[in-house]
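These notes are about the structure you will find just below.
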Amino acid sequence: MAEASAKLADAMRAFGLLCWAWTRAAWQYPASLLLLTVGQALATTLDVLAIVVIFANTDELGGFSAAEVLFLYATTSTSFAIADTLMGTVERLGRHVRSGAFDVMLLRPVSALVQVAADTFSPRRLGKLVPALAALALSLNLLDTQWTAGRILMVPVMVICGTLIYCGIWVLGASYQFVAADAAEAMNVTTYGGNYVTQYPLTVFSSEWVRALTWVVPLAFVNWYPALYVFGRPDPHGYPAGMQFASPIAAVLALVAASFAWRAGVRHYRSTGS
Amino acid sequence: MGLYTMVAWRSLRRHATYRAATVAGAFTNTIFGFIRAYILIALWTQRPQIGGYDVTAAVTFCFLGQSLIAAVGAFLPTVSAELSERIRNGDIAIDLFRPADFQGWWLSHELGRATHALVFRGLPPLLIGALFFDLTWPSGWRVVAVVLSVALAIVVSFGLRYLVTLTAFWLLDDAGPASIAMLAGTFLSGLLIPLVLLPGWLGTVARSTPWAATIQSPSDIWLGVYGGAGVLAVLGLQALWAVVLLLTGRRLTERARRRVVVQGG
């Protein structure tokens with residue numbers, strides 16, 4: 001146990017050092033870094049703009065109010081922004097495999113996952129957090145719900161669980177690239193697509209989609225089920241109320257699955273040669 | 001075969017090599033199409049008519065956008081990552097020496113890429129979308145108008161992205177301008193939400209931008225939103241943008257050429 005935690009501390013330290021090195025590298029082009037950070041912030045703002053435009057045309061969507069949809073947007077986007085900053089670059093694994101850079105990573109005395117995750121780390125990704133947190137503050141103000149201690153506590157819990165679920169999905173997507181390096185774009189369906197789908201109430205989608213987002217890719221646990229608890233609403237699809245507290249379980253399962261997939265991927269990895 | 005046809009053909013062949021990437025891209029565009037379609041259906045359930053679109057038009061619009069993403073390079077804010085890298089590391093000096101028109105070379109390259117993208121990345125989302133949702137299809141002279149409009153959309157998109165790429169001659173790293181251009185593109189092209197949802201003058205302004213000429217314009221012609229004169233006006237505006245952007249690109253190329261300093265021998 002002590003050994004495992006020492007290993008974890010080492011990995012975290014290496015991750016921090018690598019991220020800092022990449023941050024200094026990004027700073028070599030300050031104008032570009034600044035524009036990129038603003039760009040990331042605006043990109044996330046565009047999604048809010050879409051929601052604003054939709055609610056300029058209607059009072060409710062799928063039976064949910066503007067404040068509720070804003071809350072869904074804010075929670076999933078906060079989780080997504082943090083996970084993207086920490087793990088987002090693992091989606092480039094296919095490139096490292098193709099160029100042979102992954103061979104070099106395996107030789108270094110630092111976990112390959114840490115290296116891939118920290119590769120070209122850029123603080124610009126945190127730009128996404130700004131509109132997400134602003135929307136969160138606004139939606140908490142607008143929400144018409146009875147704020148009990150449980151509901152207040154649920155907000156940080158769902159953001160943390162959501163972050164872990166997204167991290168798990170990113171690593172799963174990267175592991176899939178060990179098998180299909182060229183088809184990397186397909187994983188965007190679960191990462192960026194996941195962020196998009198969870199910005200809206202799941203009542204908008206067909207019941208097959210809700211089932212898939214619950215049992216196959218556990219994106220519904222990022223915000224949908226815990227949000228129903230915060231709103232104090234019964235589940236529109238008739239799932240039991242216990243689901244609304246199951247996000248931590250989904251997060252653990254996502255991480256366990258990701259860890260197995262990554263190890264299996266590394267074990268079966270075959271270099272492209274020189 | 002002329003030089004530029006050759007460049008276009010080779011570019012098409014090159015992009016046709018990455019079959020797995022093409023399938024993955026088409027799959028991704030299709031799934032996003034479904035997500036967008038469900039959101040639009042929920043909105044149109046509340047308001048059955050918005051800006052002249054009924055629910056079928058809205059869903060068709062959504063899948064048309066997904067089909068055009070790759071062809072008009074909606075998520076490729078520069079002409080090619082390879083070109084940006086060559087400007088940054090100085091290899092561009094060799095390209096500028098070549099006995100071919102620089103802009104013409106890359107336009108041909110883009111036309112080859114876009115042709116491949118239109119067929120192999122464009123058809124799957126539209127056809128799969130048609131299996132699951134009710135879509136409308138153009139007929140008669142409108143088919144010709146759609147073809148023209150899509151061709152113009154591809155040229156306008158190249159014109160925009162060429163300008164973004166050239167900023168690298170001044171900034172070295174074009175990632176900043178590229179990310180801003182991509183945002184403008186995502187929103188003003190109508191990709192994120194149909195521009196008919198924008199009220200009054202906002203909608204009019206958005207529809208007049210060169211980005212709208214890349215997705216909103218060909219889709220509106222497909223949907224039959226305009227009569228004969230309206231279609232001509234839309235095509236005219238697209239053509240105007242194509243000419244303005246290409247000419248600006250030419251002038252900027254000359255200025256960039258003078259900025260290049262070749263170090264050493």
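If you're wondering about the labels, chains in the structure tokens are A, B, ... by order shown, residues count from 1 in each chain, ligands from 1 in order shown.
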
Residues of chain B that approach chain A to 7 Å or less, counting only C-alpha atoms: could you list each one with the shortest pair of atoms and its distance in Å to one decimal, rows by chain and increasing residue number, as JSON lines?
{"residue": "B:Ala20", "atom": "CA", "partner": "A:Ala183", "partner_atom": "CA", "distance": 5.2}
{"residue": "B:Ala21", "atom": "CA", "partner": "A:Ala183", "partner_atom": "CA", "distance": 4.5}
{"residue": "B:Ala24", "atom": "CA", "partner": "A:Ala186", "partner_atom": "CA", "distance": 4.7}
{"residue": "B:Gly25", "atom": "CA", "partner": "A:Glu185", "partner_atom": "CA", "distance": 5.8}
{"residue": "B:Phe27", "atom": "CA", "partner": "A:Ala186", "partner_atom": "CA", "distance": 6.7}
{"residue": "B:Thr28", "atom": "CA", "partner": "A:Ala186", "partner_atom": "CA", "distance": 5.5}
{"residue": "B:Ile31", "atom": "CA", "partner": "A:Val189", "partner_atom": "CA", "distance": 6.9}
{"residue": "B:Phe32", "atom": "CA", "partner": "A:Gly193", "partner_atom": "CA", "distance": 6.5}
{"residue": "B:Ile35", "atom": "CA", "partner": "A:Val197", "partner_atom": "CA", "distance": 6.5}
{"residue": "B:Tyr38", "atom": "CA", "partner": "A:Phe205", "partner_atom": "CA", "distance": 5.7}
{"residue": "B:Ile39", "atom": "CA", "partner": "A:Val204", "partner_atom": "CA", "distance": 6.1}
{"residue": "B:Ala42", "atom": "CA", "partner": "A:Val204", "partner_atom": "CA", "distance": 5.8}
{"residue": "B:Leu43", "atom": "CA", "partner": "A:Leu61", "partner_atom": "CA", "distance": 6.2}
{"residue": "B:Gln46", "atom": "CA", "partner": "A:Thr58", "partner_atom": "CA", "distance": 6.6}
{"residue": "B:Asp173", "atom": "CA", "partner": "A:Ser32", "partner_atom": "CA", "distance": 6.8}
{"residue": "B:Ala175", "atom": "CA", "partner": "A:Ser32", "partner_atom": "CA", "distance": 6.6}
{"residue": "B:Gly176", "atom": "CA", "partner": "A:Ser32", "partner_atom": "CA", "distance": 4.7}
{"residue": "B:Ser179", "atom": "CA", "partner": "A:Gly39", "partner_atom": "CA", "distance": 5.6}
{"residue": "B:Ile180", "atom": "CA", "partner": "A:Gly39", "partner_atom": "CA", "distance": 5.5}
{"residue": "B:Leu183", "atom": "CA", "partner": "A:Ala43", "partner_atom": "CA", "distance": 6.1}
{"residue": "B:Leu192", "atom": "CA", "partner": "A:Ala50", "partner_atom": "CA", "distance": 6.9}
{"residue": "B:Ile193", "atom": "CA", "partner": "A:Ala50", "partner_atom": "CA", "distance": 6.4}
{"residue": "B:Leu197", "atom": "CA", "partner": "A:Val53", "partner_atom": "CA", "distance": 6.7}
{"residue": "B:Leu198", "atom": "CA", "partner": "A:Val53", "partner_atom": "CA", "distance": 6.8}

Practice problem: Would you list the contacts of A:Leu255 as a PyMOL selection string, taking every protein, DNA or RNA residue within 8 Å and counting only C-alpha atoms, but skipping same-chain residues closer than 6 positions in sequence? | Solution: chain A and resi 164-165+167-168

Using all heavy atoms, can you export the residues from the last selection as a short mmCIF file (atom, residue, chain, number, x, y, z; two decimals), in the first residue's frame?
data_model
loop_
_atom_site.label_atom_id
_atom_site.label_comp_id
_atom_site.auth_asym_id
_atom_site.auth_seq_id
_atom_site.Cartn_x
_atom_site.Cartn_y
_atom_site.Cartn_z
N LEU A 164 -13.98 12.59 -13.24
CA LEU A 164 -13.36 11.26 -13.26
C LEU A 164 -13.93 10.41 -14.41
O LEU A 164 -13.19 9.69 -15.07
CB LEU A 164 -13.58 10.56 -11.91
CG LEU A 164 -12.90 11.25 -10.72
CD1 LEU A 164 -13.25 10.55 -9.42
CD2 LEU A 164 -11.38 11.29 -10.90
N ILE A 165 -15.24 10.53 -14.64
CA ILE A 165 -15.84 9.76 -15.74
C ILE A 165 -15.23 10.19 -17.07
O ILE A 165 -14.83 9.37 -17.90
CB ILE A 165 -17.38 9.92 -15.77
CG1 ILE A 165 -17.99 9.25 -14.53
CG2 ILE A 165 -17.98 9.32 -17.04
CD1 ILE A 165 -19.48 9.50 -14.35
N CYS A 167 -12.28 11.59 -17.54
CA CYS A 167 -10.88 11.13 -17.59
C CYS A 167 -10.86 9.66 -18.02
O CYS A 167 -10.06 9.26 -18.87
CB CYS A 167 -10.20 11.28 -16.23
SG CYS A 167 -9.76 12.97 -15.84
N GLY A 168 -11.75 8.86 -17.42
CA GLY A 168 -11.82 7.44 -17.76
C GLY A 168 -12.13 7.25 -19.23
O GLY A 168 -11.50 6.44 -19.93
#

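With only C-alpha atoms as the atoms that count, the residue of A:Gly94, A:Thr89, A:Thr120, A:Val69 with the shortest distance to A:Ala21 is A:Thr120.
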
Quiz item: Got a sec to tell me which of stretch 5-162 of chain A DSSP assigns to helix (DSSP H, G or I), as a ChimeraX atom specification?
Solution: /A:5-26,30-57,66-99,101-107,112-118,123-142,149-162

Practice problem: For atom CA of B:Pro77 and atom CA of B:Ala242, determine how far apart the two atoms are, in Å to one decimal place. | Solution: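 Computing the Euclidean distance for atom CA of B:Pro77 and atom CA of B:Ala242 yields 16.6 Å.
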
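With only C-alpha atoms as the atoms that count, the minimum distance from B:Arg255 to the choices B:Val7, B:Ile94, B:Val59, B:Leu166 is reached by B:Leu166.
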
Quiz item: Looking at A:Ala74, A:Ala174, A:Thr198, A:Arg13, which one is nearest to A:Ala132, with distances taken over only C-alpha atoms?
Solution: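 Using only C-alpha atoms, A:Ala132 sits closest to A:Ala74.
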
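Nearest-residue note for B:Leu83: choosing from B:Val143, B:Leu172, B:Ala26, B:Val196, the minimum distance belongs to B:Leu172, counting only C-alpha atoms.
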
Exercise. Find the residue from B:Leu96, B:Ile69, B:Val205, B:Val23 that sits nearest to B:Phe120; use only C-alpha atoms when measuring.
Key: B:Val23

Practice problem: Would you kindly return, as JSON, numbers by chain, each protein, DNA or RNA residue with an atom no farther than 12 Å from any atom of stretch 252-254 of chain B, considering only C-alpha atoms and excluding same-chain residues fewer than 6 positions away? | Solution: {"B": [92, 96, 101, 102, 103, 104, 159, 162, 163, 164, 165, 166, 167, 168, 169, 170, 245, 246, 260]}

Practice problem: Identify which of the residues B:Asp95, B:Phe63, B:Met182, B:Pro177 lies closest to B:Leu123, counting only C-alpha atoms when measuring atom-to-atom distances. | Solution: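 Result for the nearest residue to B:Leu123: B:Phe63.
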
Practice problem: Find the residues around A:Gly232 up to 12 Å (only C-alpha atoms counted), leave out those fewer than 6 positions away in its own chain, and share them as a ChimeraX atom specification. | Solution: /A:68,143-148,150-151,154,225-226,241,244

Emit the selected residues as a PDB file, in the first residue's frame, including N, CA, C and O atoms.
ATOM      1  N   GLU A  68     -32.617  25.139 -15.708  1.00  0.00           N
ATOM      2  CA  GLU A  68     -32.227  23.734 -15.540  1.00  0.00           C
ATOM      3  C   GLU A  68     -31.255  23.293 -16.632  1.00  0.00           C
ATOM      4  O   GLU A  68     -30.261  22.616 -16.352  1.00  0.00           O
ATOM      5  N   LEU A 143     -31.972  28.731 -10.411  1.00  0.00           N
ATOM      6  CA  LEU A 143     -32.704  27.488 -10.169  1.00  0.00           C
ATOM      7  C   LEU A 143     -33.766  27.685  -9.099  1.00  0.00           C
ATOM      8  O   LEU A 143     -33.511  28.262  -8.043  1.00  0.00           O
ATOM      9  N   ASP A 144     -34.951  27.159  -9.403  1.00  0.00           N
ATOM     10  CA  ASP A 144     -36.059  27.283  -8.480  1.00  0.00           C
ATOM     11  C   ASP A 144     -36.186  25.954  -7.738  1.00  0.00           C
ATOM     12  O   ASP A 144     -37.022  25.129  -8.065  1.00  0.00           O
ATOM     13  N   THR A 145     -35.301  25.727  -6.757  1.00  0.00           N
ATOM     14  CA  THR A 145     -35.319  24.443  -6.054  1.00  0.00           C
ATOM     15  C   THR A 145     -35.106  24.691  -4.564  1.00  0.00           C
ATOM     16  O   THR A 145     -34.566  25.720  -4.159  1.00  0.00           O
ATOM     17  N   GLN A 146     -35.569  23.732  -3.747  1.00  0.00           N
ATOM     18  CA  GLN A 146     -35.362  23.821  -2.303  1.00  0.00           C
ATOM     19  C   GLN A 146     -33.942  23.399  -1.994  1.00  0.00           C
ATOM     20  O   GLN A 146     -33.594  22.237  -2.144  1.00  0.00           O
ATOM     21  N   TRP A 147     -33.092  24.341  -1.571  1.00  0.00           N
ATOM     22  CA  TRP A 147     -31.682  23.988  -1.353  1.00  0.00           C
ATOM     23  C   TRP A 147     -31.480  23.320   0.011  1.00  0.00           C
ATOM     24  O   TRP A 147     -31.268  23.992   0.997  1.00  0.00           O
ATOM     25  N   THR A 148     -31.519  22.003   0.041  1.00  0.00           N
ATOM     26  CA  THR A 148     -31.203  21.275   1.270  1.00  0.00           C
ATOM     27  C   THR A 148     -29.696  21.036   1.292  1.00  0.00           C
ATOM     28  O   THR A 148     -29.013  21.243   0.282  1.00  0.00           O
ATOM     29  N   GLY A 150     -28.155  18.247   1.373  1.00  0.00           N
ATOM     30  CA  GLY A 150     -27.846  17.177   0.421  1.00  0.00           C
ATOM     31  C   GLY A 150     -27.708  17.702  -0.993  1.00  0.00           C
ATOM     32  O   GLY A 150     -26.785  17.337  -1.724  1.00  0.00           O
ATOM     33  N   ARG A 151     -28.626  18.575  -1.397  1.00  0.00           N
ATOM     34  CA  ARG A 151     -28.594  19.098  -2.768  1.00  0.00           C
ATOM     35  C   ARG A 151     -27.380  19.991  -2.989  1.00  0.00           C
ATOM     36  O   ARG A 151     -26.779  19.978  -4.056  1.00  0.00           O
ATOM     37  N   MET A 154     -24.425  17.843  -3.361  1.00  0.00           N
ATOM     38  CA  MET A 154     -24.432  17.080  -4.606  1.00  0.00           C
ATOM     39  C   MET A 154     -23.710  17.820  -5.726  1.00  0.00           C
ATOM     40  O   MET A 154     -23.108  17.183  -6.598  1.00  0.00           O
ATOM     41  N   TYR A 225     -28.418  12.206 -13.892  1.00  0.00           N
ATOM     42  CA  TYR A 225     -29.058  11.605 -12.711  1.00  0.00           C
ATOM     43  C   TYR A 225     -28.881  12.462 -11.454  1.00  0.00           C
ATOM     44  O   TYR A 225     -29.868  12.764 -10.765  1.00  0.00           O
ATOM     45  N   PRO A 226     -27.620  12.909 -11.136  1.00  0.00           N
ATOM     46  CA  PRO A 226     -27.504  13.776  -9.949  1.00  0.00           C
ATOM     47  C   PRO A 226     -28.285  15.088 -10.080  1.00  0.00           C
ATOM     48  O   PRO A 226     -28.809  15.592  -9.080  1.00  0.00           O
ATOM     49  N   ALA A 241     -34.839   6.067  -7.977  1.00  0.00           N
ATOM     50  CA  ALA A 241     -34.186   7.254  -7.421  1.00  0.00           C
ATOM     51  C   ALA A 241     -32.752   6.979  -7.005  1.00  0.00           C
ATOM     52  O   ALA A 241     -31.928   7.895  -6.954  1.00  0.00           O
ATOM     53  N   GLN A 244     -29.762   8.338  -8.868  1.00  0.00           N
ATOM     54  CA  GLN A 244     -29.342   9.726  -8.730  1.00  0.00           C
ATOM     55  C   GLN A 244     -28.143   9.874  -7.801  1.00  0.00           C
ATOM     56  O   GLN A 244     -27.516  10.921  -7.758  1.00  0.00           O
TER      57      GLN A 244
END

Self-check item: Shell around B:Gln216 at 8 Å using only C-alpha atoms, local window under 3 positions removed, as a ChimeraX atom specification
Solution: /B:65,189-191,194-195,207,212-213,219-220

Practice problem: Excluding B:Ile154 and any residue of its chain fewer than 3 positions from it, enumerate the residues within 6 Å of it, using only C-alpha atoms, and give them as a ChimeraX atom specification. | Solution: /B:72,151,157

Quiz item: Residues of stretch 55-95 of chain A in strand (DSSP E) according to DSSP, as a PyMOL selection string?
Solution: chain A and resi 60-61+64-65
